[in-house]
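*Asks:* Below is query00.pdb; it holds PDB, C-alpha atoms.
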ATOM      1  CA  MET D  43       3.569  15.865 -22.576
ATOM      2  CA  ALA D  44       5.414  12.634 -21.726
ATOM      3  CA  ARG D  45       7.935  14.570 -19.618
ATOM      4  CA  ARG D  46       5.144  16.271 -17.661
ATOM      5  CA  GLN D  47       3.466  12.894 -17.067
ATOM      6  CA  ARG D  48       6.726  11.502 -15.709
ATOM      7  CA  VAL D  49       7.074  14.481 -13.372
ATOM      8  CA  GLU D  50       3.489  14.098 -12.203
ATOM      9  CA  ALA D  51       4.047  10.367 -11.632
ATOM     10  CA  ARG D  52       7.162  11.085  -9.524
ATOM     11  CA  GLU D  53       5.267  13.703  -7.529
ATOM     12  CA  MET D  54       2.394  11.286  -6.935
ATOM     13  CA  ALA D  55       4.811   8.555  -5.857
ATOM     14  CA  ALA D  56       6.488  10.966  -3.449
ATOM     15  CA  LEU D  57       3.106  12.016  -2.064
ATOM     16  CA  LEU D  58       2.055   8.403  -1.529
ATOM     17  CA  THR D  59       5.344   7.694   0.230
ATOM     18  CA  ARG D  60       4.851  10.673   2.572
ATOM     19  CA  LEU D  61       1.271   9.589   3.291
ATOM     20  CA  SER D  62       2.414   6.026   4.001
ATOM     21  CA  LEU D  63       5.101   7.235   6.387
ATOM     22  CA  ALA D  64       2.667   9.594   8.093
ATOM     23  CA  LEU D  65       0.154   6.800   8.534
ATOM     24  CA  ALA D  66       2.805   4.466   9.930
ATOM     25  CA  ALA D  67       3.878   7.153  12.400
ATOM     26  CA  LEU D  68       0.277   7.711  13.454
ATOM     27  CA  LEU D  69      -0.391   4.002  13.916
ATOM     28  CA  SER D  70       2.872   3.461  15.768
ATOM     29  CA  GLY D  71       1.589   5.752  18.486
ATOM     30  CA  CYS D  72      -1.426   3.469  18.879
ATOM     31  CA  ALA D  73       0.251   0.101  18.564
ATOM     32  CA  ALA D  74       3.804   0.519  19.807
ATOM     33  CA  GLN D  75       4.591  -1.642  22.822
ATOM     34  CA  PRO D  76       7.841  -3.326  23.869
ATOM     35  CA  GLY D  77       8.500  -6.181  21.437
ATOM     36  CA  ILE D  78       5.871  -5.106  18.898
ATOM     37  CA  ARG D  79       6.905  -3.107  15.870
ATOM     38  CA  PHE D  80       6.465  -2.737  12.156
ATOM     39  CA  GLY D  81       8.700  -5.018  10.113
ATOM     40  CA  TYR D  82       9.218  -7.413  13.030
ATOM     41  CA  TYR D  83       9.841 -10.403  10.739
ATOM     42  CA  ASP D  84      11.847  -8.593   8.075
ATOM     43  CA  LYS D  85      14.999 -10.553   8.933
ATOM     44  CA  THR D  86      13.603 -13.805  10.346
ATOM     45  CA  CYS D  87      10.872 -14.369   7.741
ATOM     46  CA  PRO D  88      10.871 -11.580   5.148
ATOM     47  CA  GLY D  89       8.208 -13.216   2.978
ATOM     48  CA  ALA D  90       5.716 -13.791   5.782
ATOM     49  CA  GLU D  91       3.211 -11.070   4.941
ATOM     50  CA  GLY D  92       3.254 -12.039   1.275
ATOM     51  CA  ILE D  93       2.538 -15.677   2.133
ATOM     52  CA  VAL D  94      -0.336 -14.650   4.387
ATOM     53  CA  PHE D  95      -1.880 -12.345   1.786
ATOM     54  CA  ARG D  96      -1.645 -14.823  -1.075
ATOM     55  CA  GLU D  97      -3.186 -17.659   0.926
ATOM     56  CA  THR D  98      -5.877 -15.413   2.396
ATOM     57  CA  ALA D  99      -6.731 -14.218  -1.107
ATOM     58  CA  ARG D 100      -7.176 -17.807  -2.302
ATOM     59  CA  ILE D 101      -9.358 -18.580   0.705
ATOM     60  CA  VAL D 102     -11.575 -15.524   0.301
ATOM     61  CA  ARG D 103     -11.918 -16.034  -3.453
ATOM     62  CA  ALA D 104     -13.124 -19.585  -2.828
ATOM     63  CA  SER D 105     -15.437 -18.597   0.054
ATOM     64  CA  PRO D 106     -16.124 -14.828   0.173
ATOM     65  CA  ASP D 107     -18.117 -15.141   3.424
ATOM     66  CA  LEU D 108     -14.895 -16.027   5.219
ATOM     67  CA  ALA D 109     -13.665 -12.424   4.967
ATOM     68  CA  ALA D 110     -16.119 -11.446   7.704
ATOM     69  CA  SER D 111     -15.205 -14.551   9.710
ATOM     70  CA  LEU D 112     -11.497 -13.742   9.693
ATOM     71  CA  LEU D 113     -12.107 -10.165  10.828
ATOM     72  CA  ARG D 114     -14.406 -11.449  13.568
ATOM     73  CA  LEU D 115     -11.840 -14.008  14.794
ATOM     74  CA  HIS D 116      -9.306 -11.261  15.460
ATOM     75  CA  TYR D 117     -11.934  -9.123  17.210
ATOM     76  CA  HIS D 118     -13.119 -11.985  19.442
ATOM     77  CA  ASP D 119      -9.537 -12.941  20.232
ATOM     78  CA  CYS D 120      -8.427  -9.471  21.301
ATOM     79  CA  PHE D 121     -11.376  -8.780  23.601
ATOM     80  CA  VAL D 122     -10.760 -11.913  25.690
ATOM     81  CA  GLN D 123      -7.441 -11.853  27.594
ATOM     82  CA  GLY D 124      -5.807  -9.850  24.811
ATOM     83  CA  CYS D 125      -4.614 -10.587  21.285
ATOM     84  CA  ASP D 126      -2.937 -13.912  22.082
ATOM     85  CA  ALA D 127      -4.710 -16.365  19.721
ATOM     86  CA  SER D 128      -6.379 -18.032  22.712
ATOM     87  CA  VAL D 129      -9.617 -18.136  20.694
ATOM     88  CA  LEU D 130      -8.017 -20.784  18.475
ATOM     89  CA  LEU D 131      -7.123 -23.290  21.206
ATOM     90  CA  ASP D 132      -8.880 -26.641  21.514
ATOM     91  CA  SER D 133      -9.671 -28.108  24.896
ATOM     92  CA  ALA D 134      -6.874 -30.378  26.107
ATOM     93  CA  ASP D 135      -8.211 -31.495  29.505
ATOM     94  CA  GLY D 136     -11.963 -31.467  29.006
ATOM     95  CA  SER D 137     -12.336 -27.883  30.173
ATOM     96  CA  PRO D 138     -14.152 -25.730  27.589
ATOM     97  CA  THR D 139     -12.022 -23.122  25.840
ATOM     98  CA  GLU D 140     -13.044 -19.797  24.292
ATOM     99  CA  LYS D 141     -14.100 -21.416  21.035
ATOM    100  CA  ASP D 142     -16.591 -23.552  23.023
ATOM    101  CA  ALA D 143     -18.262 -20.531  24.643
ATOM    102  CA  ILE D 144     -21.775 -19.556  23.539
ATOM    103  CA  PRO D 145     -20.739 -16.124  22.136
ATOM    104  CA  ASN D 146     -18.208 -17.919  19.920
ATOM    105  CA  ALA D 147     -20.468 -20.753  18.765
ATOM    106  CA  SER D 148     -20.844 -19.251  15.285
ATOM    107  CA  LEU D 149     -17.165 -18.400  14.737
ATOM    108  CA  ARG D 150     -15.728 -19.746  11.504
ATOM    109  CA  GLY D 151     -12.378 -19.651   9.761
ATOM    110  CA  PHE D 152     -10.369 -21.959  12.015
ATOM    111  CA  ASP D 153      -9.433 -24.247   9.121
ATOM    112  CA  ALA D 154      -8.414 -21.231   7.040
ATOM    113  CA  VAL D 155      -6.068 -20.036   9.777
ATOM    114  CA  ALA D 156      -4.594 -23.538  10.110
ATOM    115  CA  ARG D 157      -4.011 -23.679   6.350
ATOM    116  CA  VAL D 158      -2.067 -20.414   6.316
ATOM    117  CA  LYS D 159      -0.146 -21.362   9.450
ATOM    118  CA  ASP D 160       1.018 -24.593   7.779
ATOM    119  CA  LYS D 161       2.357 -22.542   4.854
ATOM    120  CA  LEU D 162       4.240 -20.269   7.239
ATOM    121  CA  GLU D 163       5.693 -23.213   9.147
ATOM    122  CA  LYS D 164       7.096 -24.653   5.919
ATOM    123  CA  ALA D 165       8.684 -21.329   5.003
ATOM    124  CA  CYS D 166       9.856 -20.233   8.466
ATOM    125  CA  PRO D 167       9.444 -22.908  11.165
ATOM    126  CA  ALA D 168       8.421 -21.779  14.664
ATOM    127  CA  THR D 169       8.748 -18.093  13.762
ATOM    128  CA  ILE D 170       5.329 -16.478  13.152
ATOM    129  CA  SER D 171       2.880 -16.450  16.041
ATOM    130  CA  CYS D 172      -0.773 -17.357  15.605
ATOM    131  CA  ALA D 173      -1.692 -14.030  17.235
ATOM    132  CA  ASP D 174       0.211 -12.140  14.536
ATOM    133  CA  LEU D 175      -1.348 -14.375  11.897
ATOM    134  CA  LEU D 176      -4.863 -13.434  13.065
ATOM    135  CA  ALA D 177      -3.987  -9.739  12.892
ATOM    136  CA  LEU D 178      -2.594 -10.078   9.371
ATOM    137  CA  MET D 179      -5.455 -12.187   8.046
ATOM    138  CA  ALA D 180      -8.007  -9.728   9.471
ATOM    139  CA  ARG D 181      -6.255  -6.846   7.692
ATOM    140  CA  ASP D 182      -6.011  -8.795   4.443
ATOM    141  CA  ALA D 183      -9.671  -9.871   4.632
ATOM    142  CA  VAL D 184     -10.670  -6.197   4.790
ATOM    143  CA  VAL D 185      -8.406  -5.319   1.864
ATOM    144  CA  LEU D 186      -9.798  -8.179  -0.214
ATOM    145  CA  SER D 187     -13.295  -6.844   0.504
ATOM    146  CA  LYS D 188     -12.333  -3.468  -1.045
ATOM    147  CA  GLY D 189     -11.571  -1.887   2.304
ATOM    148  CA  PRO D 190      -8.483  -0.041   3.552
ATOM    149  CA  SER D 191      -5.059  -1.451   4.252
ATOM    150  CA  TRP D 192      -2.788  -0.531   7.150
ATOM    151  CA  PRO D 193       0.646  -1.538   8.454
ATOM    152  CA  VAL D 194       0.347  -4.149  11.213
ATOM    153  CA  ALA D 195       2.721  -3.995  14.167
ATOM    154  CA  LEU D 196       3.999  -7.529  14.812
ATOM    155  CA  GLY D 197       5.825  -9.467  17.477
ATOM    156  CA  ARG D 198       2.920 -10.824  19.541
ATOM    157  CA  ARG D 199       3.373 -14.130  21.327
ATOM    158  CA  ASP D 200       0.707 -16.789  21.690
ATOM    159  CA  GLY D 201      -1.034 -17.529  24.958
ATOM    160  CA  ARG D 202      -0.922 -20.864  26.738
ATOM    161  CA  THR D 203      -4.428 -20.867  28.213
ATOM    162  CA  SER D 204      -7.999 -20.400  27.044
ATOM    163  CA  ARG D 205     -11.129 -20.505  29.197
ATOM    164  CA  ALA D 206     -14.733 -20.293  28.056
ATOM    165  CA  GLU D 207     -15.784 -18.377  31.162
ATOM    166  CA  ASN D 208     -13.577 -15.444  30.134
ATOM    167  CA  CYS D 209     -15.803 -14.755  27.130
ATOM    168  CA  GLY D 210     -17.960 -12.550  29.330
ATOM    169  CA  GLU D 211     -15.441  -9.870  28.358
ATOM    170  CA  LEU D 212     -16.827  -9.796  24.811
ATOM    171  CA  PRO D 213     -19.081  -6.886  23.803
ATOM    172  CA  PRO D 214     -22.650  -8.265  23.959
ATOM    173  CA  LEU D 215     -24.760  -8.272  20.795
ATOM    174  CA  TYR D 216     -27.693  -7.153  22.922
ATOM    175  CA  GLY D 217     -25.800  -4.389  24.708
ATOM    176  CA  ASN D 218     -27.154  -0.860  24.804
ATOM    177  CA  ILE D 219     -24.812   2.042  24.136
ATOM    178  CA  THR D 220     -23.920   2.482  27.816
ATOM    179  CA  VAL D 221     -22.883  -1.156  28.168
ATOM    180  CA  MET D 222     -20.921  -1.073  24.924
ATOM    181  CA  ILE D 223     -19.010   2.047  25.943
ATOM    182  CA  GLU D 224     -18.107   0.424  29.271
ATOM    183  CA  VAL D 225     -16.917  -2.803  27.645
ATOM    184  CA  PHE D 226     -14.757  -0.936  25.142
ATOM    185  CA  ALA D 227     -13.355   1.355  27.834
ATOM    186  CA  ALA D 228     -12.277  -1.691  29.843
ATOM    187  CA  LYS D 229     -10.015  -2.588  26.902
ATOM    188  CA  GLY D 230      -8.574   0.899  26.489
ATOM    189  CA  LEU D 231     -10.826   1.796  23.564
ATOM    190  CA  ASP D 232     -12.920   4.970  23.465
ATOM    191  CA  VAL D 233     -16.302   5.975  22.070
ATOM    192  CA  LYS D 234     -14.847   6.735  18.656
ATOM    193  CA  ASP D 235     -13.261   3.291  18.484
ATOM    194  CA  LEU D 236     -16.674   1.810  19.299
ATOM    195  CA  VAL D 237     -18.504   3.499  16.442
ATOM    196  CA  VAL D 238     -15.635   2.914  14.012
ATOM    197  CA  LEU D 239     -15.057  -0.767  14.805
ATOM    198  CA  SER D 240     -18.798  -1.448  14.771
ATOM    199  CA  ALA D 241     -18.592  -0.875  11.021
ATOM    200  CA  GLY D 242     -16.918  -4.268  10.779
ATOM    201  CA  HIS D 243     -20.557  -5.366  10.607
ATOM    202  CA  THR D 244     -20.561  -4.142   7.019
ATOM    203  CA  LEU D 245     -19.270  -7.655   6.256
ATOM    204  CA  GLY D 246     -21.035 -10.935   6.843
ATOM    205  CA  LYS D 247     -24.270 -12.301   8.239
ATOM    206  CA  ALA D 248     -25.819 -12.932  11.655
ATOM    207  CA  HIS D 249     -27.903 -15.895  12.744
ATOM    208  CA  CYS D 250     -31.529 -15.419  13.681
ATOM    209  CA  SER D 251     -30.782 -16.020  17.354
ATOM    210  CA  SER D 252     -28.748 -12.795  17.364
ATOM    211  CA  PHE D 253     -31.653 -10.545  16.431
ATOM    212  CA  ALA D 254     -34.895 -12.536  16.987
ATOM    213  CA  ASP D 255     -35.556 -10.650  20.223
ATOM    214  CA  ARG D 256     -36.072  -7.526  18.080
ATOM    215  CA  LEU D 257     -38.808  -9.267  16.081
ATOM    216  CA  TYR D 258     -40.611 -11.443  18.625
ATOM    217  CA  ASN D 259     -41.653 -11.494  22.258
ATOM    218  CA  GLY D 260     -41.638 -15.220  22.787
ATOM    219  CA  SER D 261     -43.695 -16.554  19.885
ATOM    220  CA  ILE D 262     -45.626 -13.288  19.443
ATOM    221  CA  ARG D 263     -44.640 -10.759  16.784
ATOM    222  CA  SER D 264     -43.333  -7.680  18.574
ATOM    223  CA  THR D 265     -41.091  -5.191  16.758
ATOM    224  CA  ASP D 266     -38.358  -3.331  18.602
ATOM    225  CA  PRO D 267     -39.401   0.354  18.332
ATOM    226  CA  THR D 268     -35.856   1.287  17.292
ATOM    227  CA  LEU D 269     -36.135  -1.009  14.244
ATOM    228  CA  ASP D 270     -37.685   0.135  10.960
ATOM    229  CA  GLY D 271     -41.030  -1.644  10.551
ATOM    230  CA  ARG D 272     -40.648  -2.605   6.896
ATOM    231  CA  TYR D 273     -37.154  -3.905   7.541
ATOM    232  CA  ALA D 274     -38.510  -5.947  10.463
ATOM    233  CA  ASP D 275     -41.131  -7.499   8.188
ATOM    234  CA  ARG D 276     -38.427  -8.536   5.720
ATOM    235  CA  LEU D 277     -36.346 -10.017   8.508
ATOM    236  CA  ARG D 278     -39.310 -12.124   9.676
ATOM    237  CA  MET D 279     -39.413 -13.708   6.235
ATOM    238  CA  ARG D 280     -35.970 -15.102   6.999
ATOM    239  CA  CYS D 281     -36.309 -15.553  10.744
ATOM    240  CA  ARG D 282     -39.596 -17.352  11.386
ATOM    241  CA  GLY D 283     -39.238 -17.337  15.153
ATOM    242  CA  PRO D 284     -36.759 -17.289  18.048
ATOM    243  CA  GLY D 285     -35.984 -20.955  17.515
ATOM    244  CA  ASP D 286     -35.148 -20.611  13.825
ATOM    245  CA  SER D 287     -31.481 -21.316  14.442
ATOM    246  CA  GLY D 288     -30.542 -22.096  10.849
ATOM    247  CA  ALA D 289     -31.655 -18.769   9.409
ATOM    248  CA  ALA D 290     -29.332 -15.828   8.858
ATOM    249  CA  ALA D 291     -29.542 -12.279   7.527
ATOM    250  CA  GLU D 292     -26.994  -9.948   5.979
ATOM    251  CA  MET D 293     -25.661  -7.504   8.559
ATOM    252  CA  ASP D 294     -25.362  -4.802   5.892
ATOM    253  CA  ALA D 295     -28.219  -5.650   3.558
ATOM    254  CA  GLY D 296     -27.190  -5.575  -0.078
ATOM    255  CA  SER D 297     -23.527  -4.864   0.650
ATOM    256  CA  CYS D 298     -22.395  -7.594   3.044
ATOM    257  CA  GLY D 299     -19.470  -8.617   0.851
ATOM    258  CA  THR D 300     -17.964  -5.153   0.449
ATOM    259  CA  PHE D 301     -16.211  -3.150   3.143
ATOM    260  CA  ASP D 302     -17.794   0.299   2.865
ATOM    261  CA  THR D 303     -19.896   2.899   4.663
ATOM    262  CA  SER D 304     -23.198   1.322   3.622
ATOM    263  CA  TYR D 305     -23.394  -0.052   7.175
ATOM    264  CA  TYR D 306     -23.769   3.483   8.532
ATOM    265  CA  ARG D 307     -26.537   4.255   6.065
ATOM    266  CA  GLN D 308     -28.439   1.213   7.301
ATOM    267  CA  VAL D 309     -27.979   2.194  10.949
ATOM    268  CA  ALA D 310     -29.054   5.790  10.244
ATOM    269  CA  ARG D 311     -32.250   4.444   8.645
ATOM    270  CA  ARG D 312     -33.003   2.308  11.733
ATOM    271  CA  ARG D 313     -31.970  -0.815   9.869
ATOM    272  CA  GLY D 314     -29.006  -1.871  11.985
ATOM    273  CA  LEU D 315     -29.480  -5.615  12.485
ATOM    274  CA  LEU D 316     -28.301  -5.964  16.073
ATOM    275  CA  ARG D 317     -29.291  -4.039  19.193
ATOM    276  CA  SER D 318     -25.678  -2.934  19.552
ATOM    277  CA  ASP D 319     -25.862  -1.443  16.034
ATOM    278  CA  ALA D 320     -29.098   0.411  16.753
ATOM    279  CA  GLY D 321     -27.658   1.693  20.035
ATOM    280  CA  LEU D 322     -25.133   3.807  18.159
ATOM    281  CA  MET D 323     -27.911   6.294  17.416
ATOM    282  CA  GLU D 324     -28.585   6.781  21.151
ATOM    283  CA  HIS D 325     -25.339   8.648  21.947
ATOM    284  CA  PRO D 326     -24.478  12.168  20.773
ATOM    285  CA  PHE D 327     -21.004  11.328  19.468
ATOM    286  CA  THR D 328     -21.689   7.929  17.913
ATOM    287  CA  GLY D 329     -24.996   9.124  16.441
ATOM    288  CA  ALA D 330     -23.310  12.133  14.835
ATOM    289  CA  TYR D 331     -20.530   9.920  13.454
ATOM    290  CA  VAL D 332     -23.079   7.521  11.948
ATOM    291  CA  ARG D 333     -25.035  10.319  10.292
ATOM    292  CA  ARG D 334     -21.875  11.926   8.884
ATOM    293  CA  ALA D 335     -20.486   8.652   7.514
ATOM    294  CA  ALA D 336     -23.922   7.744   6.128
ATOM    295  CA  THR D 337     -23.726  10.634   3.654
ATOM    296  CA  GLY D 338     -21.031   8.768   1.716
ATOM    297  CA  ARG D 339     -18.908  11.906   1.480
ATOM    298  CA  TYR D 340     -16.386  10.933   4.140
ATOM    299  CA  ASP D 341     -15.339   7.408   3.159
ATOM    300  CA  GLY D 342     -11.656   8.342   3.182
ATOM    301  CA  GLU D 343     -11.976   9.756   6.687
ATOM    302  CA  PHE D 344     -13.719   6.604   7.898
ATOM    303  CA  PHE D 345     -11.040   4.404   6.332
ATOM    304  CA  ARG D 346      -8.352   6.384   8.171
ATOM    305  CA  ASP D 347     -10.276   6.068  11.421
ATOM    306  CA  PHE D 348     -10.703   2.331  10.918
ATOM    307  CA  ARG D 349      -6.970   1.859  10.404
ATOM    308  CA  VAL D 350      -6.208   3.623  13.669
ATOM    309  CA  SER D 351      -8.879   1.805  15.683
ATOM    310  CA  MET D 352      -7.796  -1.589  14.344
ATOM    311  CA  ALA D 353      -4.217  -0.830  15.366
ATOM    312  CA  LYS D 354      -5.419   0.057  18.876
ATOM    313  CA  MET D 355      -7.518  -3.082  19.135
ATOM    314  CA  GLY D 356      -4.660  -5.211  17.844
ATOM    315  CA  ALA D 357      -2.473  -4.010  20.728
ATOM    316  CA  ILE D 358      -4.865  -5.029  23.534
ATOM    317  CA  GLY D 359      -3.135  -7.147  26.174
ATOM    318  CA  VAL D 360      -0.456  -8.502  23.872
ATOM    319  CA  LEU D 361       2.149 -10.940  25.114
ATOM    320  CA  THR D 362       5.759 -10.341  24.105
ATOM    321  CA  GLY D 363       9.075 -12.098  24.552
ATOM    322  CA  ASN D 364       8.965 -14.748  27.270
ATOM    323  CA  GLN D 365       5.403 -13.847  28.244
ATOM    324  CA  GLY D 366       4.112 -16.205  25.558
ATOM    325  CA  LYS D 367       5.282 -18.634  22.920
ATOM    326  CA  ILE D 368       5.109 -19.411  19.202
ATOM    327  CA  ARG D 369       2.553 -22.179  18.659
ATOM    328  CA  THR D 370       3.366 -24.325  15.632
ATOM    329  CA  LYS D 371      -0.248 -25.543  15.536
ATOM    330  CA  CYS D 372      -2.656 -22.744  16.369
ATOM    331  CA  ASN D 373      -5.222 -25.019  18.003
ATOM    332  CA  LEU D 374      -2.715 -26.680  20.342
ATOM    333  CA  VAL D 375      -0.283 -25.640  23.026
ATOM    334  CA  ASN D 376       2.965 -27.153  21.705
TER
END
Would you kindly transcribe this structure into structure tokens?
*Replies:*
Amino acid sequence: MARRQRVEAREMAALLTRLSLALAALLSGCAAQPGIRFGYYDKTCPGAEGIVFRETARIVRASPDLAASLLRLHYHDCFVQGCDASVLLDSADGSPTEKDAIPNASLRGFDAVARVKDKLEKACPATISCADLLALMARDAVVLSKGPSWPVALGRRDGRTSRAENCGELPPLYGNITVMIEVFAAKGLDVKDLVVLSAGHTLGKAHCSSFADRLYNGSIRSTDPTLDGRYADRLRMRCRGPGDSGAAAEMDAGSCGTFDTSYYRQVARRRGLLRSDAGLMEHPFTGAYVRRAATGRYDGEFFRDFRVSMAKMGAIGVLTGNQGKIRTKCNLVN
């Protein structure tokens, strides 16, 4: 019996190794660009990913809501002039930067990123870019929320500029499916990436200002016809009107701290919080994907899809080599 268990354990280990290699090969096709590769810091800072994971774990344990914030930071960074950590830069000359833009007003997690960056600087000075740090912390935030893991291609450089006016490149919360498809296509992402990455909304909350237009027409109650009526009534208990700026609602009601396919079940039931969520049901492909994932029978398939789409997003407009720099403080150009 013991011998058979040892054989089965070896076979399982071999299977997991083959699956890991296959996944890495698949993701390398999405993320490979000159200067970006898996294991980029193996020689210059071999403990980097371990440092990032341990610190991210401490941060998320202390403040679980930050898992969603860290994923969102990476997303907002990559959609505006590429994954270059420009979303982290403070204004140096009085000109507003990305973090000052209205779409980024509710971003959180900047102090968490700075904390992990300080740890990395002590271990390996001027080696790990802030852009790579955002990619790693986003991955680890998903893992710590019981979601999938994936190998992250590294070697990004940090940008030197950040402008608030460029945030028009971000996917709009109010966008219909046509607009969302166009915005994603402009970044090299397809319809499948749209419906897969939208599931990042399984984590976190949204402020009333993000969805009040689906509940009110001015000060008058007026429910968006694509929104479930009972769900709308519950939302109004939290969001008393368009000006109720302090209120917030879970984006995946009842499961906003766990990375799972519950988000798709909410969307399929017309309980997606944002217009962009509801819009997924308006397109043949995205609607079919939502309904399939909502059954709960294809979680493994969704996790695989999410890994691939995150790798694609993490390769948008990256800077490599002399195109960028390594910022020792993520909020400042050295």
*Asks:* Do you know which residues are at most 8 Å from segment 268-281 of chain D counting all atoms listed in the file, after dropping those on the same chain fewer than 5 positions away, and could you put them as a list in words?
*Replies:*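 Everything that qualifies: Cys250, Ala254, Arg256, Leu257, Asp286, Ala289, Ala290, Ala291, Arg311, Arg312, Arg313, Gly314 and Ala320 of chain D.
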*Asks:* D:Ala248, D:Ile170, D:Ala228, D:Cys372: which is nearest Asp84 of chain D, counting all atoms listed in the file?
*Replies:*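 Selected residue with least distance to Asp84 of chain D: D:Ile170.
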*Asks:* Quick one: apply the PyMOL selection byres ((chain D and resi 238) around 10) to the file and drop the selected residues here as a list in words.
*Replies:*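 For this structure, the PyMOL selection byres ((chain D and resi 238) around 10) captures Val233, Lys234, Asp235, Leu236, Val237, Leu239, Ser240, Ala241, Gly242, Tyr306, Thr328, Tyr331, Val332, Ala335, Phe344, Phe345, Arg346, Asp347, Phe348, Arg349, Val350, Ser351 and Met352 of chain D.
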*Asks:* For the selection you just gave me, I'd like the residues written to a file as a short mmCIF file (atom, residue, chain, number, x, y, z; two decimals), keeping the file's coordinate frame, keeping C-alpha atoms.
*Replies:*
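What landed in out-v5.cif:
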data_model
loop_
_atom_site.label_atom_id
_atom_site.label_comp_id
_atom_site.auth_asym_id
_atom_site.auth_seq_id
_atom_site.Cartn_x
_atom_site.Cartn_y
_atom_site.Cartn_z
CA VAL D 233 -16.30 5.98 22.07
CA LYS D 234 -14.85 6.74 18.66
CA ASP D 235 -13.26 3.29 18.48
CA LEU D 236 -16.67 1.81 19.30
CA VAL D 237 -18.50 3.50 16.44
CA LEU D 239 -15.06 -0.77 14.80
CA SER D 240 -18.80 -1.45 14.77
CA ALA D 241 -18.59 -0.88 11.02
CA GLY D 242 -16.92 -4.27 10.78
CA TYR D 306 -23.77 3.48 8.53
CA THR D 328 -21.69 7.93 17.91
CA TYR D 331 -20.53 9.92 13.45
CA VAL D 332 -23.08 7.52 11.95
CA ALA D 335 -20.49 8.65 7.51
CA PHE D 344 -13.72 6.60 7.90
CA PHE D 345 -11.04 4.40 6.33
CA ARG D 346 -8.35 6.38 8.17
CA ASP D 347 -10.28 6.07 11.42
CA PHE D 348 -10.70 2.33 10.92
CA ARG D 349 -6.97 1.86 10.40
CA VAL D 350 -6.21 3.62 13.67
CA SER D 351 -8.88 1.80 15.68
CA MET D 352 -7.80 -1.59 14.34
#
*Asks:* Using all atoms listed in the file, find each residue of segment 167-282 of chain D with at least one atom at most 6 Å away from an atom of segment 104-127 of chain D; report its shortest atom-to-atom pair and that distance in Å (one decimal), sort the rows by chain and rising residue number, and return the result as a tab-separated table.
*Replies:*
residue	atom	partner	partner_atom	distance
D:Cys172	CA	D:Ala127	CA	5.8
D:Ala173	CA	D:Ala127	CA	4.6
D:Leu176	CA	D:His116	CA	5.5
D:Ala180	CA	D:Leu113	CA	4.3
D:Ala183	CA	D:Ala109	CA	4.8
D:Asp200	CA	D:Asp126	CA	4.7
D:Gly201	CA	D:Asp126	CA	5.0
D:Cys209	CA	D:Val122	CA	6.0
D:Glu211	CA	D:Val122	CA	5.8
D:Leu212	CA	D:Phe121	CA	5.7
D:Leu245	CA	D:Ala110	CA	5.1
D:Gly246	CA	D:Ala110	CA	5.0
*Asks:* Interatomic distance between atom CA of Ser148 of chain D and atom CA of Arg307 of chain D?
*Replies:*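 Atom CA of Ser148 of chain D sits 25.9 Å away from atom CA of Arg307 of chain D.
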*Asks:* Counting only C-alpha atoms, which residue out of D:Asp294, D:Asp302, D:Asp182, D:Asp174 sits closest to Asp319 of chain D?
*Replies:*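 Result for the nearest residue to Asp319 of chain D: D:Asp294.
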*Asks:* Hey, can you check how far atom CA of Val129 of chain D sits from atom CA of Arg199 of chain D?
*Replies:*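 These two atoms are separated by 13.6 Å.
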